Structures are given as C-alpha cells and as structure tokens.
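Engineer: Could you have a look at this structure, given as structure tokens, before my questions?
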Amino acid sequence: MSSIPVTTWSLEQTSPADLLPAAAPEGDVRIVRAEVPSPEFSRFLYTAVGGDIRWTDRLGWTYARWQEQLDRPGAETWVAYDRGTPAGYVELDPQDDGAVEIILFGLIPAFRGRRIGGHLLSYGAARAWDLAERWPERTPTKRVWLHTCSKDGEFAMDNYQRRGFRLFDTKVELEAEVETPGPWPGA
C-alpha cells in the first residue's frame, strides 16, 4: 500500500469577537440542531459529507461507539437544510478546559459552491461560543478550534480564515493512501 503526505493545519479563535460571520445564502436554508442523538443520522451525515474526501476514521465504528460519541454532555450536531434536504453539518466536541472543537464540518457534494458553507461554519462557531448557555454544567467556552487537512475541499482553509480562525499549528505526516469510500460501500 502506498503512502501520501498529508498536511494538517490547526486553527483557532480565542474570543467570540474573532468570529467574522458570513452572509446567509439566498433561498430557504435553515440550520437546526439534531437534538435526538441518532447514530444512523450521524453516520449518514459523515459518509455523505466525507465520502468523496476520504473521511474514513469513523467508518469502522460500532453503533455503540456512535451512540457514545453523541451522548457526551455538550456534544452537538447542527445540520444545514436547503429546502428541507440535509446539505451539511457541523459537529461540536466540548473539552474539559473550556475549549470546543469543531470536530466535523462540511457539505454534501451537491451543495458545495452555493455559499452555504460559510454560513454553516459561522453558525457552528457561534454555537461553540455559546455552548455553555445550553449546557450549564460545561465550562464557558474560552477557545474554539478545528483542524483541516490537504485532503479536504480546496476552499476549506480559505473559509476558516475568512471566518476569523487563525493558524496555530501545521503538521505533515505520511498516511496510507486509501480509496475514496463514497457515501456507502461500492459507491
């Protein structure tokens, strides 16, 4: 199996004032929190968004592992809908030190390039900053961070920086080259 170099960039905001919101896209685009933890829905979003950009880390997860991820206090999934159809999502992962990681973010391929991504990222970052208002047992957010890599979409880094995220770390590692899994096996 061959290896490819993958660059991973870590970015952060250290104040809610860092967030530079994108304009809302035209049309009927809504962002709704998935309040009922559903491994089936989360796996659908993960494969639909990441299938063409080699998101493979969670493909081997069991149902119980998905449920465990979703049941953590403060874990949230926010889904963008375009005229009632899921278009993308952002998953927030709170940490004990007042940091919230945007652990997953992206759009289903058919919805890319329609100005939904900047709006969804803005909304997700704002929800990371006010997470403790919905989860009073959580430490108020002091930092919102994420990582992106050279396997992600060509506009990912630009979107993050335009929303006010600043680079704080870069790593290059060799990874096994894997086939693009698509949204389901054999796609």
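In the structure tokens, chains take the letters A, B, ... in the order shown, each chain's residues start at 1, and ligands count up from 1 in the order shown.
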Give me the residues within 10 Å of Val178 (chain A) as a PyMOL selection string, counting only C-alpha atoms and dropping any in the same chain fewer than 6 places off.
Structural biologist: chain A and resi 1-4+54-56
Engineer: Store the residues picked out above, limited to all heavy atoms, as a PDB file, in the first residue's frame.
Structural biologist:
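This is the output file part.pdb:
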ATOM      1  N   MET A   1       0.850  -1.176   0.000  1.00  0.00           N
ATOM      2  CA  MET A   1       0.000   0.000   0.000  1.00  0.00           C
ATOM      3  C   MET A   1       0.893   1.236   0.000  1.00  0.00           C
ATOM      4  O   MET A   1       1.851   1.327   0.742  1.00  0.00           O
ATOM      5  CB  MET A   1      -0.891  -0.018   1.248  1.00  0.00           C
ATOM      6  CG  MET A   1      -1.875   1.123   1.287  1.00  0.00           C
ATOM      7  SD  MET A   1      -2.988   1.085   2.699  1.00  0.00           S
ATOM      8  CE  MET A   1      -3.964  -0.352   2.328  1.00  0.00           C
ATOM      9  N   SER A   2       0.576   2.191  -0.839  1.00  0.00           N
ATOM     10  CA  SER A   2       1.385   3.405  -0.928  1.00  0.00           C
ATOM     11  C   SER A   2       0.947   4.428   0.114  1.00  0.00           C
ATOM     12  O   SER A   2      -0.164   4.379   0.637  1.00  0.00           O
ATOM     13  CB  SER A   2       1.301   3.999  -2.332  1.00  0.00           C
ATOM     14  OG  SER A   2      -0.014   4.401  -2.611  1.00  0.00           O
ATOM     15  N   SER A   3       1.854   5.348   0.394  1.00  0.00           N
ATOM     16  CA  SER A   3       1.587   6.418   1.356  1.00  0.00           C
ATOM     17  C   SER A   3       1.604   7.754   0.636  1.00  0.00           C
ATOM     18  O   SER A   3       2.284   7.928  -0.378  1.00  0.00           O
ATOM     19  CB  SER A   3       2.648   6.425   2.456  1.00  0.00           C
ATOM     20  OG  SER A   3       2.584   5.248   3.205  1.00  0.00           O
ATOM     21  N   ILE A   4       0.866   8.701   1.206  1.00  0.00           N
ATOM     22  CA  ILE A   4       0.848  10.060   0.667  1.00  0.00           C
ATOM     23  C   ILE A   4       1.105  11.040   1.807  1.00  0.00           C
ATOM     24  O   ILE A   4       0.714  10.786   2.948  1.00  0.00           O
ATOM     25  CB  ILE A   4      -0.492  10.392  -0.027  1.00  0.00           C
ATOM     26  CG1 ILE A   4      -1.671  10.237   0.945  1.00  0.00           C
ATOM     27  CG2 ILE A   4      -0.696   9.548  -1.264  1.00  0.00           C
ATOM     28  CD1 ILE A   4      -2.985  10.778   0.424  1.00  0.00           C
ATOM     29  N   ARG A  54     -12.305  11.226   1.545  1.00  0.00           N
ATOM     30  CA  ARG A  54     -11.587  10.214   2.326  1.00  0.00           C
ATOM     31  C   ARG A  54     -11.748  10.343   3.844  1.00  0.00           C
ATOM     32  O   ARG A  54     -10.804  10.129   4.588  1.00  0.00           O
ATOM     33  CB  ARG A  54     -10.104  10.192   1.944  1.00  0.00           C
ATOM     34  CG  ARG A  54      -9.866   9.745   0.530  1.00  0.00           C
ATOM     35  CD  ARG A  54      -8.382   9.712   0.195  1.00  0.00           C
ATOM     36  NE  ARG A  54      -8.162   9.188  -1.125  1.00  0.00           N
ATOM     37  CZ  ARG A  54      -8.106   9.926  -2.232  1.00  0.00           C
ATOM     38  NH1 ARG A  54      -8.251  11.233  -2.160  1.00  0.00           N
ATOM     39  NH2 ARG A  54      -7.896   9.362  -3.392  1.00  0.00           N
ATOM     40  N   TRP A  55     -12.949  10.692   4.301  1.00  0.00           N
ATOM     41  CA  TRP A  55     -13.215  10.584   5.726  1.00  0.00           C
ATOM     42  C   TRP A  55     -13.427   9.100   6.008  1.00  0.00           C
ATOM     43  O   TRP A  55     -14.418   8.512   5.579  1.00  0.00           O
ATOM     44  CB  TRP A  55     -14.468  11.350   6.110  1.00  0.00           C
ATOM     45  CG  TRP A  55     -14.327  12.840   6.169  1.00  0.00           C
ATOM     46  CD1 TRP A  55     -13.268  13.599   5.765  1.00  0.00           C
ATOM     47  CD2 TRP A  55     -15.312  13.754   6.646  1.00  0.00           C
ATOM     48  NE1 TRP A  55     -13.541  14.933   5.973  1.00  0.00           N
ATOM     49  CE2 TRP A  55     -14.781  15.059   6.513  1.00  0.00           C
ATOM     50  CE3 TRP A  55     -16.590  13.599   7.178  1.00  0.00           C
ATOM     51  CZ2 TRP A  55     -15.489  16.191   6.900  1.00  0.00           C
ATOM     52  CZ3 TRP A  55     -17.291  14.730   7.560  1.00  0.00           C
ATOM     53  CH2 TRP A  55     -16.743  16.008   7.429  1.00  0.00           C
ATOM     54  N   THR A  56     -12.488   8.493   6.706  1.00  0.00           N
ATOM     55  CA  THR A  56     -12.569   7.054   6.963  1.00  0.00           C
ATOM     56  C   THR A  56     -12.458   6.702   8.444  1.00  0.00           C
ATOM     57  O   THR A  56     -12.728   5.562   8.824  1.00  0.00           O
ATOM     58  CB  THR A  56     -11.459   6.312   6.187  1.00  0.00           C
ATOM     59  OG1 THR A  56     -10.180   6.835   6.591  1.00  0.00           O
ATOM     60  CG2 THR A  56     -11.634   6.463   4.680  1.00  0.00           C
TER      61      THR A  56
END
Engineer: Please tabulate, as a tab-separated table, the residues of region 89-134 of chain A that come within 12 Å of region 77-80 of chain A, each with its closest pair of atoms and the distance in Å to one decimal, counting only C-alpha atoms and ordering rows by chain, then residue number upward.
Structural biologist:
residue	atom	partner	partner_atom	distance
A:Tyr89	CA	A:Val79	CA	4.3
A:Val90	CA	A:Trp78	CA	5.3
A:Glu91	CA	A:Thr77	CA	4.5
A:Leu92	CA	A:Thr77	CA	6.4
A:Asp93	CA	A:Thr77	CA	9.2
A:Pro94	CA	A:Thr77	CA	11.7
A:Ile102	CA	A:Thr77	CA	9.9
A:Ile103	CA	A:Thr77	CA	10.1
A:Leu104	CA	A:Thr77	CA	9.1
A:Phe105	CA	A:Trp78	CA	9.5
A:Gly106	CA	A:Ala80	CA	9.8
A:Leu107	CA	A:Ala80	CA	8.5
A:Ile108	CA	A:Ala80	CA	10.1
A:Phe111	CA	A:Ala80	CA	10.1
A:Arg112	CA	A:Ala80	CA	12.0
A:Arg115	CA	A:Ala80	CA	11.7
A:Ile116	CA	A:Ala80	CA	8.0
A:Gly117	CA	A:Ala80	CA	9.0
A:Gly118	CA	A:Ala80	CA	11.3
A:His119	CA	A:Ala80	CA	9.2
A:Leu120	CA	A:Ala80	CA	6.6
A:Leu121	CA	A:Trp78	CA	10.0
A:Ser122	CA	A:Trp78	CA	11.5
A:Tyr123	CA	A:Trp78	CA	8.7
A:Gly124	CA	A:Trp78	CA	7.0
A:Ala125	CA	A:Trp78	CA	10.6
A:Ala126	CA	A:Trp78	CA	11.3
A:Arg127	CA	A:Trp78	CA	8.8
A:Ala128	CA	A:Trp78	CA	10.6
A:Leu131	CA	A:Thr77	CA	11.7
Engineer: Have a look at A:Ala24, A:Val29, A:Ala64, A:Ala48 and name the one nearest to Asp82 (chain A); count only C-alpha atoms.
Structural biologist: A:Val29
Engineer: Could you pull out the alpha helix (DSSP H) residues of region 8-172 of chain A from DSSP and send them as a PyMOL selection string?
Structural biologist: chain A and resi 39-50+63-71+116-129+131-134+156-162
Engineer: When you look at Phe168 (chain A) with a cut-off of 9 Å (counting only C-alpha atoms), what residues show up, excluding the ones that are within fewer than 6 positions of it in the same chain? I need them as a list in words.
Structural biologist: Trp9, Ser10, Leu11 and Glu12 of chain A
Engineer: Keeping C-alpha atoms, export the residues of the selection given above as a PDB file, in the first residue's frame.
Structural biologist:
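This is the output file out.pdb:
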ATOM      1  CA  TRP A   9      -3.481  22.665   9.834  1.00  0.00           C
ATOM      2  CA  SER A  10      -4.902  23.538  13.263  1.00  0.00           C
ATOM      3  CA  LEU A  11      -6.765  26.823  13.596  1.00  0.00           C
ATOM      4  CA  GLU A  12      -8.417  28.635  16.490  1.00  0.00           C
TER       5      GLU A  12
END
Engineer: Please identify all polymer residues within 12 Å of Thr62 (chain A), counting only C-alpha atoms, omitting same-chain residues fewer than 6 positions from it, and present them as a list of chain:residue names.
Structural biologist: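 In the requested format, the answer is A:Pro39, A:Glu40, A:Arg43, A:Glu68, A:Gln69.
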Engineer: Write to file, as a PDB file, in the first residue's frame, the residues of the selection just made, with C-alpha atoms.
Structural biologist:
ATOM      1  CA  PRO A  39     -26.148   7.071  15.247  1.00  0.00           C
ATOM      2  CA  GLU A  40     -27.929   6.323  11.966  1.00  0.00           C
ATOM      3  CA  ARG A  43     -23.312   8.122  10.180  1.00  0.00           C
ATOM      4  CA  GLU A  68     -21.236   7.095  22.977  1.00  0.00           C
ATOM      5  CA  GLN A  69     -19.878   9.978  20.868  1.00  0.00           C
TER       6      GLN A  69
END
Engineer: Among region 110-146 of chain A, which ones does DSSP assign to strand (DSSP E) (computed from the backbone)? Answer as a count of residues only.
Structural biologist: 4
Engineer: Considering only C-alpha atoms, state which residue in the set A:Ala75, A:Val100, A:Ala34, A:Val6 is at the smallest distance from Trp145 (chain A).
Structural biologist: A:Val100
